[in-house]
Each structure stands twice: as C-alpha cells, then as structure tokens.
$ cat work.pdb   # PDB, C-alpha atoms
ATOM      1  CA  MET V   7      18.197  -9.481   3.920
ATOM      2  CA  VAL V   8      17.998 -12.640   5.995
ATOM      3  CA  ASP V   9      14.840 -14.560   6.902
ATOM      4  CA  GLY V  10      15.533 -14.739  10.633
ATOM      5  CA  CYS V  11      17.242 -12.472  13.093
ATOM      6  CA  PRO V  12      20.916 -13.412  13.593
ATOM      7  CA  GLY V  13      20.933 -11.353  16.804
ATOM      8  CA  SER V  14      18.026 -13.311  18.278
ATOM      9  CA  ALA V  15      20.362 -15.632  20.179
ATOM     10  CA  HIS V  16      21.169 -12.621  22.359
ATOM     11  CA  LEU V  17      17.514 -11.935  23.142
ATOM     12  CA  LYS V  18      15.938 -13.679  26.105
ATOM     13  CA  THR V  19      12.226 -13.744  25.312
ATOM     14  CA  PRO V  20      10.830 -12.675  21.948
ATOM     15  CA  THR V  21       7.832 -10.378  22.073
ATOM     16  CA  LEU V  22       4.742 -10.769  19.906
ATOM     17  CA  LYS V  23       3.041  -7.953  18.020
ATOM     18  CA  VAL V  24      -0.160  -8.436  16.048
ATOM     19  CA  LYS V  25      -0.182  -6.174  13.000
ATOM     20  CA  LYS V  26      -2.833  -5.642  10.355
ATOM     21  CA  CYS V  27      -1.928  -6.737   6.852
ATOM     22  CA  PRO V  28      -1.905  -3.580   4.719
ATOM     23  CA  LYS V  29      -3.312  -5.522   1.761
ATOM     24  CA  CYS V  30      -6.213  -7.551   3.209
ATOM     25  CA  GLY V  31      -6.573  -6.346   6.817
ATOM     26  CA  ALA V  32      -6.018  -9.783   8.394
ATOM     27  CA  ASP V  33      -4.142 -10.086  11.687
ATOM     28  CA  VAL V  34      -0.489 -11.056  11.231
ATOM     29  CA  GLU V  35       1.587 -12.249  14.192
ATOM     30  CA  VAL V  36       5.098 -10.777  14.092
ATOM     31  CA  PHE V  37       7.643 -11.799  16.717
ATOM     32  CA  SER V  38      10.435  -9.406  17.673
ATOM     33  CA  THR V  39      12.930 -11.839  16.135
ATOM     34  CA  ASP V  40      11.158 -11.827  12.745
ATOM     35  CA  VAL V  41      12.409  -9.555   9.988
ATOM     36  CA  LYS V  42       9.362 -10.229   7.837
ATOM     37  CA  VAL V  43       6.301 -12.469   7.864
ATOM     38  CA  ASN V  44       3.957 -13.427   5.044
ATOM     39  CA  CYS V  45       0.262 -12.897   5.704
ATOM     40  CA  ALA V  46      -1.430 -16.295   6.044
ATOM     41  CA  ASN V  47      -4.544 -14.915   4.376
ATOM     42  CA  CYS V  48      -3.153 -13.280   1.209
ATOM     43  CA  GLY V  49       0.617 -13.876   1.226
ATOM     44  CA  PHE V  50       1.552 -10.169   1.426
ATOM     45  CA  THR V  51       4.931  -9.593   3.107
ATOM     46  CA  VAL V  52       4.604  -7.690   6.382
ATOM     47  CA  TYR V  53       7.839  -6.259   7.772
ATOM     48  CA  ASN V  54       8.716  -5.892  11.404
ATOM     49  CA  ASP V  55       9.520  -2.491  12.859
ATOM     50  CA  GLN V  56      13.202  -2.606  11.930
ATOM     51  CA  LYS V  57      14.005   0.853  13.125
ATOM     52  CA  SER V  58      14.177  -0.236  16.752
ATOM     53  CA  CYS V  59      16.671  -3.062  16.221
ATOM     54  CA  ILE V  60      19.027  -0.994  14.087
ATOM     55  CA  GLN V  61      19.525   1.287  17.065
ATOM     56  CA  TRP V  62      21.083  -1.402  19.253
ATOM     57  CA  CYS V  63      21.716  -4.703  17.454
ATOM     58  CA  SER V  64      25.247  -5.410  16.255
ATOM     59  CA  TYR V  65      23.805  -7.718  13.563
ATOM     60  CA  ALA V  66      21.402  -5.108  12.138
ATOM     61  CA  GLU V  67      23.425  -4.283   9.026
ATOM     62  CA  LYS V  68      23.769  -7.972   8.124
ATOM     63  CA  CYS V  69      20.104  -8.560   8.883
ATOM     64  CA  VAL V  70      18.493  -5.801   6.811
ATOM     65  CA  GLY V  71      21.262  -5.227   4.270
ATOM     66  CA  LYS V  72      23.654  -2.319   3.852
ATOM     67  CA  GLU V  73      21.344  -0.072   1.819
ATOM     68  CA  LEU V  74      18.285  -0.376   4.093
ATOM     69  CA  TYR V  75      20.518  -0.119   7.173
ATOM     70  CA  ARG V  76      22.002   3.146   5.861
ATOM     71  CA  LYS V  77      18.545   4.568   5.074
ATOM     72  CA  LEU V  78      17.133   3.624   8.476
ATOM     73  CA  LYS V  79      20.145   5.079  10.290
ATOM     74  CA  GLU V  80      19.739   8.327   8.327
ATOM     75  CA  LEU V  81      16.021   8.419   9.146
ATOM     76  CA  ASP V  82      16.753   7.813  12.826
ATOM     77  CA  THR V  83      19.368  10.603  12.831
ATOM     78  CA  ASN V  84      17.030  13.050  11.093
ATOM     79  CA  GLU V  85      14.151  12.318  13.483
ATOM     80  CA  SER V  86      16.295  12.856  16.578
ATOM     81  CA  GLU V  87      17.513  16.304  15.439
TER      82      GLU V  87
END
$ encode --input "work.pdb" --output "structure tokens"
Amino acid sequence: MVDGCPGSAHLKTPTLKVKKCPKCGADVEVFSTDVKVNCANCGFTVYNDQKSCIQWCSYAEKCVGKELYRKLKELDTNESE
C-alpha cells in the first residue's frame, strides 16, 4: 500500500470527509486522495472508503495492493449481483 494516491494527479479537486475514529471517537479529516490517515488524538489508522476508487481508478491495484484490490473487487461484484 502507498501513503498517497498515485491517481490523485488526475483528480481536479479533492473532497473532504470527516470520519469518526473507531477507537476514540475523535473527528478525523480524510481527503479523497488519502488512502489512510492517523487519528491526531490517538494515532489509530483510519482508512478511506477505498471501494469507490477501485471501481474507476487505473492506479487502484498499485495503491491498495494486489490482495486488497482483489478482495474489494470481489466484494463489489458480489454486492452488484
């Protein structure tokens, strides 16, 4: 997995999503170009919603890794059936 999104150069304006840290409940700002962000309060790693980018980004497999990419593609296929 990479720390930043290699496909982000093809995106015009990143979007911001505020998520709750599952460990401490603090707000964590996650940009659409982030793969993961560490919670500033407790350090827990919060992952972006990767499912959406694997549907369209040509860099997705390099970004999330082959194993996670395969699992997410299978999940996406199963949910659309």
$ resolve_selection --input "work.pdb" --expression "the PyMOL selection byres ((chain V and resi 29-37) around 10)" --output "PDB file with C-alpha atoms, keeping the file's coordinate frame"
ATOM      1  CA  THR V  19      12.226 -13.744  25.312  1.00  0.00           C
ATOM      2  CA  PRO V  20      10.830 -12.675  21.948  1.00  0.00           C
ATOM      3  CA  THR V  21       7.832 -10.378  22.073  1.00  0.00           C
ATOM      4  CA  LEU V  22       4.742 -10.769  19.906  1.00  0.00           C
ATOM      5  CA  LYS V  23       3.041  -7.953  18.020  1.00  0.00           C
ATOM      6  CA  VAL V  24      -0.160  -8.436  16.048  1.00  0.00           C
ATOM      7  CA  LYS V  25      -0.182  -6.174  13.000  1.00  0.00           C
ATOM      8  CA  LYS V  26      -2.833  -5.642  10.355  1.00  0.00           C
ATOM      9  CA  CYS V  27      -1.928  -6.737   6.852  1.00  0.00           C
ATOM     10  CA  PRO V  28      -1.905  -3.580   4.719  1.00  0.00           C
ATOM     11  CA  SER V  38      10.435  -9.406  17.673  1.00  0.00           C
ATOM     12  CA  THR V  39      12.930 -11.839  16.135  1.00  0.00           C
ATOM     13  CA  ASP V  40      11.158 -11.827  12.745  1.00  0.00           C
ATOM     14  CA  VAL V  41      12.409  -9.555   9.988  1.00  0.00           C
ATOM     15  CA  LYS V  42       9.362 -10.229   7.837  1.00  0.00           C
ATOM     16  CA  VAL V  43       6.301 -12.469   7.864  1.00  0.00           C
ATOM     17  CA  ASN V  44       3.957 -13.427   5.044  1.00  0.00           C
ATOM     18  CA  CYS V  45       0.262 -12.897   5.704  1.00  0.00           C
ATOM     19  CA  ALA V  46      -1.430 -16.295   6.044  1.00  0.00           C
ATOM     20  CA  ASN V  47      -4.544 -14.915   4.376  1.00  0.00           C
ATOM     21  CA  CYS V  48      -3.153 -13.280   1.209  1.00  0.00           C
ATOM     22  CA  GLY V  49       0.617 -13.876   1.226  1.00  0.00           C
ATOM     23  CA  PHE V  50       1.552 -10.169   1.426  1.00  0.00           C
ATOM     24  CA  THR V  51       4.931  -9.593   3.107  1.00  0.00           C
ATOM     25  CA  VAL V  52       4.604  -7.690   6.382  1.00  0.00           C
ATOM     26  CA  TYR V  53       7.839  -6.259   7.772  1.00  0.00           C
ATOM     27  CA  ASN V  54       8.716  -5.892  11.404  1.00  0.00           C
ATOM     28  CA  ASP V  55       9.520  -2.491  12.859  1.00  0.00           C
TER      29      ASP V  55
END
$ atom_distance --input "work.pdb" --atom1 "CA of Tyr65 in chain V" --atom2 "CA of Leu81 in chain V"
18.5 Å
$ atom_distance --input "work.pdb" --atom1 "CA of Leu74 in chain V" --atom2 "CA of Gln61 in chain V"
13.1 Å
